[in-house]
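The file data_31.txt comes next; it holds compact mmCIF, C-alpha atoms.
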```
# COMPACT_ATOMS: atom_id res chain seq x y z
CA MET A 1 47.65 -31.20 -67.49
CA ASP A 2 50.73 -33.33 -66.78
CA ARG A 3 53.87 -31.28 -66.04
CA PHE A 4 57.44 -32.30 -65.17
CA ILE A 5 60.25 -29.82 -64.41
CA TYR A 6 63.80 -31.01 -63.66
CA LYS A 7 66.72 -28.96 -62.34
CA LYS A 8 70.10 -30.00 -60.90
CA SER A 9 72.47 -28.41 -58.36
CA ALA A 10 75.03 -29.61 -55.80
CA GLY A 11 74.86 -33.08 -57.35
CA VAL A 12 71.14 -33.40 -56.59
CA THR A 13 68.35 -33.49 -59.21
CA ALA A 14 65.03 -31.92 -58.21
CA LEU A 15 61.71 -32.69 -59.91
CA SER A 16 58.50 -30.69 -59.64
CA ALA A 17 55.59 -32.66 -61.10
CA SER A 18 51.85 -32.45 -61.60
CA ILE A 19 50.11 -35.62 -62.80
CA THR A 20 46.53 -36.24 -63.86
CA ASP A 21 46.59 -38.97 -66.52
CA PHE A 22 50.25 -39.97 -66.72
CA THR A 23 51.42 -43.34 -65.35
CA TYR A 24 55.09 -44.15 -64.74
CA LYS A 25 56.16 -47.52 -66.07
CA LYS A 26 57.76 -49.87 -63.56
CA HIS A 27 61.36 -48.71 -63.19
CA SER A 28 64.11 -48.02 -60.68
CA HIS A 29 66.76 -45.35 -60.12
CA LYS A 30 70.38 -45.78 -59.13
CA GLU A 31 69.93 -42.78 -56.81
CA TYR A 32 68.00 -42.42 -53.58
CA ALA A 33 64.66 -40.75 -54.33
CA ILE A 34 63.12 -38.60 -51.58
CA GLY A 35 59.93 -36.65 -52.16
CA VAL A 36 56.86 -34.94 -50.72
CA THR A 37 53.24 -35.23 -51.88
CA LEU A 38 51.94 -31.65 -52.04
CA ARG A 39 48.37 -32.29 -53.27
CA GLY A 40 46.32 -35.38 -54.00
CA ILE A 41 47.34 -38.99 -53.40
CA GLN A 42 50.41 -40.66 -54.92
CA HIS A 43 49.63 -44.28 -55.80
CA TYR A 44 52.46 -46.73 -56.49
CA ASN A 45 53.55 -50.33 -56.11
CA LEU A 46 56.83 -50.91 -54.26
CA ASP A 47 58.35 -54.32 -53.50
CA GLY A 48 55.06 -56.00 -54.37
CA SER A 49 52.81 -53.89 -52.12
CA LEU A 50 50.57 -50.92 -52.83
CA GLN A 51 51.63 -47.59 -51.27
CA LEU A 52 49.50 -44.46 -50.94
CA SER A 53 51.19 -41.18 -50.06
CA TYR A 54 48.69 -38.55 -48.96
CA GLN A 55 49.28 -34.79 -48.68
CA ASN A 56 52.52 -34.06 -46.74
CA GLY A 57 53.62 -37.69 -47.03
CA VAL A 58 57.39 -38.09 -47.36
CA MET A 59 58.24 -40.84 -49.90
CA LEU A 60 61.54 -42.67 -49.48
CA PHE A 61 62.99 -44.92 -52.20
CA ASN A 62 66.21 -46.89 -51.90
CA PRO A 63 68.48 -47.17 -54.97
CA GLU A 64 67.34 -49.77 -57.51
CA GLN A 65 64.00 -50.25 -55.74
CA ALA A 66 61.50 -50.98 -58.53
CA HIS A 67 58.26 -48.97 -58.54
CA ASP A 68 55.62 -47.44 -60.80
CA GLY A 69 53.53 -44.34 -60.03
CA MET A 70 50.29 -42.47 -60.79
CA ALA A 71 47.62 -40.23 -59.32
CA HIS A 72 45.20 -42.23 -57.15
CA ASP A 73 42.11 -40.57 -58.63
CA GLU A 74 40.94 -38.00 -61.18
CA ALA A 75 41.74 -35.11 -58.80
CA GLY A 76 45.39 -35.53 -59.83
CA LEU A 77 48.60 -35.06 -57.91
CA ASP A 78 51.35 -32.49 -57.25
CA TYR A 79 54.68 -33.51 -55.73
CA VAL A 80 58.40 -32.78 -55.55
CA MET A 81 61.21 -35.35 -55.63
CA LEU A 82 64.95 -35.22 -54.99
CA TYR A 83 67.35 -37.74 -56.56
CA ILE A 84 70.57 -38.12 -54.57
CA GLU A 85 73.56 -40.24 -55.62
CA PRO A 86 74.35 -42.97 -53.03
CA GLN A 87 77.96 -41.78 -52.65
CA LEU A 88 76.82 -38.21 -52.02
CA LEU A 89 74.40 -39.35 -49.32
CA LEU A 90 77.11 -41.45 -47.67
CA GLU A 91 79.48 -38.45 -47.64
CA ALA A 92 76.83 -36.14 -46.22
CA THR A 93 75.78 -38.59 -43.49
CA ARG A 94 79.39 -39.70 -42.79
CA LYS A 95 78.28 -43.34 -42.90
CA LYS A 96 80.50 -46.11 -44.23
CA ASP A 97 77.86 -48.77 -44.85
CA ILE A 98 75.01 -48.82 -47.32
CA ILE A 99 72.10 -46.79 -45.97
CA ARG A 100 68.58 -48.17 -46.37
CA PHE A 101 65.25 -46.48 -45.70
CA SER A 102 63.33 -48.75 -43.37
CA THR A 103 59.85 -47.34 -44.15
CA PRO A 104 58.58 -46.23 -47.60
CA ILE A 105 56.36 -43.34 -46.39
CA VAL A 106 56.62 -41.20 -43.25
CA TYR A 107 54.76 -38.12 -42.03
CA ASP A 108 57.48 -36.00 -40.45
CA TYR A 109 57.10 -32.21 -40.53
CA ARG A 110 60.79 -31.35 -40.11
CA LEU A 111 61.91 -33.80 -42.79
CA GLN A 112 59.17 -32.59 -45.13
CA GLN A 113 60.22 -28.94 -44.69
CA ARG A 114 63.89 -29.72 -45.37
CA ILE A 115 63.01 -31.61 -48.56
CA LEU A 116 60.87 -28.66 -49.69
CA SER A 117 63.62 -26.13 -48.83
CA LEU A 118 66.22 -28.00 -50.91
CA SER A 119 63.89 -28.72 -53.83
CA ASN A 120 62.73 -25.07 -53.92
CA ALA A 121 66.35 -23.84 -53.86
CA ILE A 122 67.35 -26.13 -56.74
CA LEU A 123 64.24 -25.43 -58.82
CA SER A 124 64.61 -21.66 -58.39
CA GLU A 125 68.34 -21.92 -59.24
CA LYS A 126 69.72 -20.56 -55.96
CA ASP A 127 73.48 -20.60 -55.32
CA GLU A 128 75.06 -24.04 -55.16
CA ALA A 129 76.61 -23.18 -51.77
CA LEU A 130 73.12 -22.72 -50.31
CA CYS A 131 71.96 -26.00 -51.88
CA ASN A 132 74.90 -27.81 -50.25
CA GLU A 133 73.96 -26.40 -46.84
CA LEU A 134 70.32 -27.40 -47.29
CA LEU A 135 71.39 -30.91 -48.37
CA LEU A 136 73.38 -31.24 -45.13
CA SER A 137 70.33 -30.16 -43.09
CA LEU A 138 68.21 -32.71 -44.95
CA THR A 139 70.62 -35.58 -44.30
CA ASP A 140 70.72 -34.67 -40.59
CA SER A 141 66.92 -35.08 -40.50
CA LEU A 142 67.10 -38.37 -42.41
CA ILE A 143 69.52 -39.85 -39.87
CA GLN A 144 67.17 -38.95 -37.02
CA THR A 145 64.05 -40.37 -38.60
CA ASN A 146 64.26 -43.25 -40.99
CA LEU A 147 67.66 -44.69 -41.82
CA SER A 148 69.08 -48.05 -40.98
CA THR A 149 72.52 -49.18 -42.06
CA GLU A 150 72.90 -52.61 -43.54
CA ASN A 151 75.93 -54.57 -44.57
CA LYS A 152 73.70 -56.88 -46.56
CA LYS A 153 75.27 -57.27 -50.00
CA ASP A 154 73.50 -58.09 -53.22
CA ASN A 155 73.57 -61.74 -54.08
CA ALA A 156 76.97 -62.23 -55.76
CA LEU A 157 75.39 -63.65 -58.93
CA ILE A 158 73.03 -60.69 -59.28
CA ARG A 159 75.86 -58.22 -58.67
CA LYS A 160 77.91 -59.90 -61.38
CA ALA A 161 74.93 -59.87 -63.76
CA LYS A 162 74.35 -56.15 -63.11
CA ASP A 163 78.01 -55.42 -63.83
CA MET A 164 77.76 -57.30 -67.15
CA LEU A 165 74.57 -55.43 -68.07
CA HIS A 166 76.20 -52.06 -67.29
CA THR A 167 79.21 -52.76 -69.51
CA ASN A 168 77.05 -53.45 -72.59
CA LEU A 169 74.63 -50.51 -72.60
CA GLN A 170 75.45 -49.52 -76.18
CA SER A 171 74.29 -52.90 -77.59
CA VAL A 172 71.36 -55.30 -77.22
CA LEU A 173 70.88 -57.41 -74.09
CA LYS A 174 73.14 -60.48 -74.34
CA LEU A 175 71.16 -62.81 -72.11
CA GLU A 176 72.89 -65.99 -73.33
CA GLU A 177 76.34 -64.61 -72.47
CA ILE A 178 75.28 -63.63 -68.96
CA CYS A 179 73.61 -66.99 -68.32
CA LYS A 180 76.68 -68.85 -69.57
CA GLU A 181 78.93 -66.79 -67.29
CA LEU A 182 76.67 -67.46 -64.29
CA ASP A 183 76.08 -71.10 -65.22
CA LEU A 184 72.30 -70.69 -65.13
CA SER A 185 69.55 -71.42 -67.64
CA LYS A 186 67.73 -68.39 -69.06
CA PHE A 187 64.63 -69.15 -67.02
CA GLN A 188 66.61 -69.68 -63.80
CA PHE A 189 68.38 -66.36 -64.31
CA ILE A 190 65.25 -64.34 -65.15
CA ARG A 191 63.40 -65.78 -62.13
CA LEU A 192 66.35 -65.12 -59.77
CA PHE A 193 66.92 -61.59 -61.08
CA LYS A 194 63.25 -60.66 -60.78
CA ALA A 195 63.02 -62.08 -57.25
CA HIS A 196 66.05 -60.02 -56.24
CA THR A 197 65.32 -56.69 -57.96
CA GLY A 198 61.56 -56.62 -58.62
CA ILE A 199 62.03 -56.18 -62.37
CA SER A 200 63.15 -58.39 -65.24
CA PRO A 201 66.71 -58.30 -66.63
CA TYR A 202 65.40 -56.63 -69.80
CA GLN A 203 63.55 -53.90 -67.84
CA TYR A 204 66.67 -53.32 -65.72
CA PHE A 205 68.88 -53.15 -68.82
CA LEU A 206 66.52 -50.67 -70.48
CA ASN A 207 66.37 -48.55 -67.32
CA CYS A 208 70.19 -48.46 -67.23
CA LYS A 209 70.30 -47.34 -70.89
CA ILE A 210 67.75 -44.58 -70.20
CA GLU A 211 69.60 -43.46 -67.06
CA HIS A 212 72.91 -43.41 -68.95
CA ALA A 213 71.30 -41.37 -71.74
CA LYS A 214 70.06 -38.87 -69.11
CA GLN A 215 73.60 -38.52 -67.71
CA LEU A 216 75.04 -37.98 -71.21
CA ILE A 217 72.41 -35.34 -72.00
CA GLU A 218 73.27 -33.51 -68.75
CA LYS A 219 76.99 -33.73 -69.51
CA ASN A 220 77.11 -33.00 -73.25
CA ARG A 221 73.81 -31.14 -73.86
CA ASP A 222 73.49 -33.28 -77.01
CA ILE A 223 70.56 -35.66 -77.47
CA TYR A 224 71.74 -37.33 -80.67
CA SER A 225 75.08 -38.47 -79.22
CA ALA A 226 73.10 -40.03 -76.33
CA VAL A 227 70.88 -41.86 -78.85
CA ALA A 228 73.95 -43.26 -80.62
CA GLU A 229 76.01 -44.07 -77.53
CA CYS A 230 73.15 -45.86 -75.75
CA GLY A 231 72.14 -47.92 -78.76
CA PHE A 232 68.65 -46.50 -79.34
CA VAL A 233 67.27 -46.84 -82.87
CA ASP A 234 66.48 -43.12 -83.14
CA LEU A 235 65.37 -40.13 -81.06
CA THR A 236 61.72 -41.27 -81.10
CA HIS A 237 62.79 -44.60 -79.59
CA LEU A 238 64.72 -42.84 -76.79
CA ASN A 239 61.94 -40.29 -76.19
CA ARG A 240 59.30 -43.00 -75.78
CA HIS A 241 61.26 -44.92 -73.17
CA PHE A 242 62.57 -41.76 -71.45
CA LYS A 243 59.01 -40.48 -70.94
CA GLY A 244 57.92 -43.75 -69.32
CA VAL A 245 60.58 -43.32 -66.60
CA TYR A 246 60.90 -39.52 -66.21
CA GLY A 247 57.50 -38.27 -67.34
CA THR A 248 59.08 -36.07 -70.00
CA THR A 249 60.84 -36.76 -73.29
CA ALA A 250 64.63 -36.52 -73.61
CA PHE A 251 64.14 -33.46 -75.82
CA GLU A 252 61.98 -31.71 -73.19
CA TYR A 253 64.44 -32.71 -70.45
CA LEU A 254 67.27 -31.02 -72.34
CA SER A 255 65.20 -27.84 -72.69
CA HIS A 256 64.84 -27.73 -68.86
CA LEU A 257 68.62 -27.85 -68.50
CA ASN A 258 69.31 -24.95 -70.89
```

Take the structure in the file and write it out as structure tokens.
Amino acid sequence: MDRFIYKKSAGVTALSASITDFTYKKHSHKEYAIGVTLRGIQHYNLDGSLQLSYQNGVMLFNPEQAHDGMAHDEAGLDYVMLYIEPQLLLEATRKKDIIRFSTPIVYDYRLQQRILSLSNAILSEKDEALCNELLLSLTDSLIQTNLSTENKKDNALIRKAKDMLHTNLQSVLKLEEICKELDLSKFQFIRLFKAHTGISPYQYFLNCKIEHAKQLIEKNRDIYSAVAECGFVDLTHLNRHFKGVYGTTAFEYLSHLN
């Protein structure tokens, strides 16, 4: 039985999931995603290579790093994941530059325990003050184990394209306008974007719409305004795409928040 439970505290979203048959579509998050495989083997493709996270494996995803995800075999999979906004992680680590995880999976007992402590506190709705303290402990462990700071900026064209995509989330993808602005053909742009991000412009645009809808649902507790504001045809349309990225429909996600 596939199960996905989301809770949020101290600016961090925690997910507790059990997967047998479900497969995540290829997607990315604007947050850092940090998780632990509790049972089974997590199977996913990241930056063009297959990754397998076994029991106690700590999974580390950088923002906008495209990946899919599934259980490796019929035994299924249990795991927890934390989604942390880049700005929040920078504040907690007191770094000025963009932080990048240098390895996708590590086996580090202290780091694993701190991820589990924070995820358990958020999922069991402990005080936000405690969650903040546990987040600080977690970031201290991250600095010691697996972070590298990079000043490497996105290709300027890709950054500009992403900005244009973000400002038009309520409408359809205007590929011609972006290509004209960047002075590229459609095929040049699609190839460049995919090489840089791991997903197509359309997939990225759809991910942004879904992520924006999630933020609106958290803020307003109203699914139908999210459907309208993000330009989905109807709730069924949003639910279908939402489930491919978050494992649960927008309607079920809202019920977790209430």

**Q.** Among listed residues A:Ile105, A:Leu136, A:Leu142, A:Cys208, nearest His166 in chain A (using only C-alpha atoms)
**A.** A:Cys208

Q: Could you give me, as a VMD selection string, the residues within 7 Å of range 232-246 of chain A, counting only C-alpha atoms and dropping anything in the same chain fewer than 5 positions from it?
A: chain A and resid 24 to 25 27 210 224 227

Any idea what's packed within 8 Å of range 106-120 of chain A, counting only C-alpha atoms, ignoring anything in its chain fewer than 2 positions away? Could you give it as a PDB file with C-alpha atoms, keeping the file's coordinate frame?
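Resulting contents of selection_34.pdb:
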```pdb
ATOM      1  CA  ALA A  14      65.030 -31.920 -58.210  1.00  0.00           C
ATOM      2  CA  LEU A  15      61.710 -32.690 -59.910  1.00  0.00           C
ATOM      3  CA  ILE A  34      63.120 -38.600 -51.580  1.00  0.00           C
ATOM      4  CA  GLY A  35      59.930 -36.650 -52.160  1.00  0.00           C
ATOM      5  CA  VAL A  36      56.860 -34.940 -50.720  1.00  0.00           C
ATOM      6  CA  ASN A  56      52.520 -34.060 -46.740  1.00  0.00           C
ATOM      7  CA  GLY A  57      53.620 -37.690 -47.030  1.00  0.00           C
ATOM      8  CA  VAL A  58      57.390 -38.090 -47.360  1.00  0.00           C
ATOM      9  CA  MET A  59      58.240 -40.840 -49.900  1.00  0.00           C
ATOM     10  CA  VAL A  80      58.400 -32.780 -55.550  1.00  0.00           C
ATOM     11  CA  MET A  81      61.210 -35.350 -55.630  1.00  0.00           C
ATOM     12  CA  LEU A  82      64.950 -35.220 -54.990  1.00  0.00           C
ATOM     13  CA  THR A 103      59.850 -47.340 -44.150  1.00  0.00           C
ATOM     14  CA  PRO A 104      58.580 -46.230 -47.600  1.00  0.00           C
ATOM     15  CA  ILE A 122      67.350 -26.130 -56.740  1.00  0.00           C
ATOM     16  CA  LEU A 123      64.240 -25.430 -58.820  1.00  0.00           C
ATOM     17  CA  SER A 124      64.610 -21.660 -58.390  1.00  0.00           C
ATOM     18  CA  CYS A 131      71.960 -26.000 -51.880  1.00  0.00           C
ATOM     19  CA  LEU A 134      70.320 -27.400 -47.290  1.00  0.00           C
ATOM     20  CA  LEU A 135      71.390 -30.910 -48.370  1.00  0.00           C
ATOM     21  CA  SER A 137      70.330 -30.160 -43.090  1.00  0.00           C
ATOM     22  CA  LEU A 138      68.210 -32.710 -44.950  1.00  0.00           C
ATOM     23  CA  SER A 141      66.920 -35.080 -40.500  1.00  0.00           C
ATOM     24  CA  LEU A 142      67.100 -38.370 -42.410  1.00  0.00           C
TER      25      LEU A 142
END
```

Q) Quick one: of A:Arg3, A:Lys194, A:Lys209, A:Lys96, who's nearest to Asp47 in chain A, counting only C-alpha atoms? A)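 Going through A:Arg3, A:Lys194, A:Lys209, A:Lys96 one by one, the smallest distance to Asp47 in chain A is for A:Lys194.
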
Q) From the list A:Gly48, A:Gly231, A:Gly11, A:Gly198, which residue is nearest Ser171 in chain A when using only C-alpha atoms? A)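 Ranking A:Gly48, A:Gly231, A:Gly11, A:Gly198 by distance to Ser171 in chain A, first place goes to A:Gly231.
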
Within 9 Å of Ala226 in chain A, counting all atoms listed in the file, which residues qualify if same-chain residues fewer than 3 places away don't, as a compact mmCIF listing (two decimals) with C-alpha atoms, in the frame of the given file?
```txt
# COMPACT_ATOMS: atom_id res chain seq x y z
CA HIS A 212 72.91 -43.41 -68.95
CA ALA A 213 71.30 -41.37 -71.74
CA LYS A 214 70.06 -38.87 -69.11
CA GLN A 215 73.60 -38.52 -67.71
CA LEU A 216 75.04 -37.98 -71.21
CA ILE A 217 72.41 -35.34 -72.00
CA ASN A 220 77.11 -33.00 -73.25
CA ASP A 222 73.49 -33.28 -77.01
CA ILE A 223 70.56 -35.66 -77.47
CA GLU A 229 76.01 -44.07 -77.53
CA CYS A 230 73.15 -45.86 -75.75
CA GLY A 231 72.14 -47.92 -78.76
CA PHE A 232 68.65 -46.50 -79.34
CA LEU A 238 64.72 -42.84 -76.79
```

Would you kindly return, as a PDB file with C-alpha atoms, keeping the file's coordinate frame, each protein, DNA or RNA residue with an atom no farther than 9 Å from any atom of Met1 in chain A, considering all atoms listed in the file and excluding same-chain residues fewer than 5 positions away?
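Once written, out_1.pdb looks like this:
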```pdb
ATOM      1  CA  SER A  18      51.850 -32.450 -61.600  1.00  0.00           C
ATOM      2  CA  ILE A  19      50.110 -35.620 -62.800  1.00  0.00           C
ATOM      3  CA  THR A  20      46.530 -36.240 -63.860  1.00  0.00           C
ATOM      4  CA  ASP A  21      46.590 -38.970 -66.520  1.00  0.00           C
TER       5      ASP A  21
END
```

Q: In Å, rounded to a single decimal, give me how far CA of Ser102 in chain A is from CA of Tyr32 in chain A.
A: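 Interatomic distance here is 12.9 Å.
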
Sorted per-residue table, range 48-103 of chain A near range 247-253 of chain A, closest atoms and distance, 12 Å, all atoms listed in the file, as a Markdown table:
```
| residue | atom | partner | partner_atom | distance |
| --- | --- | --- | --- | --- |
| A:Asp68 | CA | A:Gly247 | CA | 11.4 |
| A:Gly69 | CA | A:Gly247 | CA | 10.3 |
| A:Met70 | CA | A:Gly247 | CA | 10.6 |
```

Q) From the list A:Asn62, A:Gln170, A:Gln188, A:Gln87, which residue is nearest Phe101 in chain A when using all atoms listed in the file? A)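 Using all atoms listed in the file, Phe101 in chain A sits closest to A:Asn62.
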
Q) What gap, in Å, lies between CA of Ala17 in chain A and CA of Glu133 in chain A? A)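 Answer for the CA of Ala17 in chain A to CA of Glu133 in chain A separation: 24.1 Å.
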
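Among the candidates A:Glu177, A:Glu218, A:Asp183, A:Asp2, the one nearest to Ala71 in chain A when counting all atoms listed in the file is A:Asp2.
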
**Q.** Distance query Leu192 in chain A at most 12 Å, all atoms listed in the file, self and fewer than 4 positions along chain excluded, as a count of residues only
**A.** 20

Q) Can you tell me, as JSON, numbers by chain, which residues sit within 7 Å of (63.7, -46.8, -60.7) in the file's frame, using all atoms listed in the file? A) {"A": [27, 28, 29, 30, 64, 65, 66, 67]}

Since we have the selection now, will you write its residues out, keeping C-alpha atoms, as a compact mmCIF listing (two decimals), in the frame of the given file?
```
# COMPACT_ATOMS: atom_id res chain seq x y z
CA HIS A 27 61.36 -48.71 -63.19
CA SER A 28 64.11 -48.02 -60.68
CA HIS A 29 66.76 -45.35 -60.12
CA LYS A 30 70.38 -45.78 -59.13
CA GLU A 64 67.34 -49.77 -57.51
CA GLN A 65 64.00 -50.25 -55.74
CA ALA A 66 61.50 -50.98 -58.53
CA HIS A 67 58.26 -48.97 -58.54
```

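Note that the spacing between CA of Tyr202 in chain A and CA of His72 in chain A amounts to 27.8 Å.
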
Q: Please write as number ranges by chain the list of polymer residues whose atoms come within 12 Å of (66.5, -23.4, -71.7), counting all atoms listed in the file and keeping to the coordinates of the file.
A: A: 5-7, 221, 251-258

Could you pull range 170-180 of chain A out of the block above and give me all heavy atoms, as a CSV table (one decimal), in the first residue's frame?
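The result, stored in selection.csv:
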```csv
chain,number,residue,atom,x,y,z
A,170,GLN,N,0.6,31.1,-14.7
A,170,GLN,CA,-0.8,31.1,-14.8
A,170,GLN,C,-1.3,30.8,-16.2
A,170,GLN,O,-2.5,30.5,-16.4
A,170,GLN,CB,-1.5,32.4,-14.2
A,170,GLN,CG,-1.3,33.6,-15.1
A,170,GLN,CD,0.0,34.2,-15.1
A,170,GLN,OE1,0.9,33.7,-14.4
A,170,GLN,NE2,0.2,35.2,-15.9
A,171,SER,N,-0.4,30.8,-17.2
A,171,SER,CA,-0.8,30.6,-18.6
A,171,SER,C,-0.1,29.4,-19.2
A,171,SER,O,0.6,28.6,-18.5
A,171,SER,CB,-0.5,31.9,-19.4
A,171,SER,OG,0.9,32.2,-19.3
A,172,VAL,N,-0.2,29.2,-20.5
A,172,VAL,CA,0.5,28.1,-21.1
A,172,VAL,C,2.0,28.5,-21.4
A,172,VAL,O,2.3,29.7,-21.4
A,172,VAL,CB,-0.2,27.7,-22.5
A,172,VAL,CG1,-1.6,27.2,-22.2
A,172,VAL,CG2,-0.2,28.9,-23.4
A,173,LEU,N,2.8,27.5,-21.6
A,173,LEU,CA,4.2,27.8,-21.9
A,173,LEU,C,4.4,28.6,-23.2
A,173,LEU,O,3.9,28.1,-24.3
A,173,LEU,CB,5.0,26.5,-22.0
A,173,LEU,CG,6.5,26.5,-22.3
A,173,LEU,CD1,7.2,27.3,-21.3
A,173,LEU,CD2,7.1,25.1,-22.5
A,174,LYS,N,5.0,29.7,-23.2
A,174,LYS,CA,5.2,30.6,-24.4
A,174,LYS,C,6.6,30.4,-24.9
A,174,LYS,O,7.5,31.2,-24.7
A,174,LYS,CB,4.9,32.0,-24.0
A,174,LYS,CG,3.5,32.3,-23.6
A,174,LYS,CD,3.3,33.8,-23.3
A,174,LYS,CE,1.8,34.1,-23.1
A,174,LYS,NZ,1.2,33.6,-21.9
A,175,LEU,N,6.9,29.2,-25.5
A,175,LEU,CA,8.2,28.9,-26.0
A,175,LEU,C,8.7,29.8,-27.0
A,175,LEU,O,9.9,30.2,-26.9
A,175,LEU,CB,8.2,27.4,-26.5
A,175,LEU,CG,9.5,26.7,-26.6
A,175,LEU,CD1,10.1,26.5,-25.2
A,175,LEU,CD2,9.3,25.3,-27.2
A,176,GLU,N,7.9,30.3,-27.9
A,176,GLU,CA,8.3,31.2,-29.0
A,176,GLU,C,8.8,32.5,-28.4
A,176,GLU,O,9.9,33.0,-28.8
A,176,GLU,CB,7.2,31.5,-30.0
A,176,GLU,CG,6.8,30.3,-30.8
A,176,GLU,CD,5.8,29.3,-30.1
A,176,GLU,OE1,5.5,29.6,-29.0
A,176,GLU,OE2,5.5,28.3,-30.8
A,177,GLU,N,8.1,33.0,-27.4
A,177,GLU,CA,8.5,34.3,-26.8
A,177,GLU,C,9.9,34.2,-26.1
A,177,GLU,O,10.8,35.0,-26.2
A,177,GLU,CB,7.5,34.7,-25.7
A,177,GLU,CG,6.2,35.3,-26.3
A,177,GLU,CD,5.2,35.7,-25.2
A,177,GLU,OE1,5.7,36.0,-24.1
A,177,GLU,OE2,4.0,35.9,-25.6
A,178,ILE,N,10.1,33.0,-25.4
A,178,ILE,CA,11.4,32.8,-24.7
A,178,ILE,C,12.5,32.7,-25.7
A,178,ILE,O,13.6,33.3,-25.6
A,178,ILE,CB,11.3,31.6,-23.8
A,178,ILE,CG1,10.3,31.8,-22.7
A,178,ILE,CG2,12.7,31.2,-23.2
A,178,ILE,CD1,10.0,30.6,-21.8
A,179,CYS,N,12.3,31.9,-26.8
A,179,CYS,CA,13.3,31.7,-27.8
A,179,CYS,C,13.7,33.0,-28.5
A,179,CYS,O,14.8,33.3,-28.8
A,179,CYS,CB,12.9,30.7,-28.8
A,179,CYS,SG,12.7,29.0,-28.1
A,180,LYS,N,12.7,33.8,-28.7
A,180,LYS,CA,12.9,35.1,-29.4
A,180,LYS,C,13.7,36.0,-28.5
A,180,LYS,O,14.7,36.7,-28.9
A,180,LYS,CB,11.5,35.8,-29.7
A,180,LYS,CG,11.7,37.1,-30.5
A,180,LYS,CD,10.3,37.7,-30.8
A,180,LYS,CE,10.4,39.0,-31.6
A,180,LYS,NZ,9.1,39.6,-31.8
```
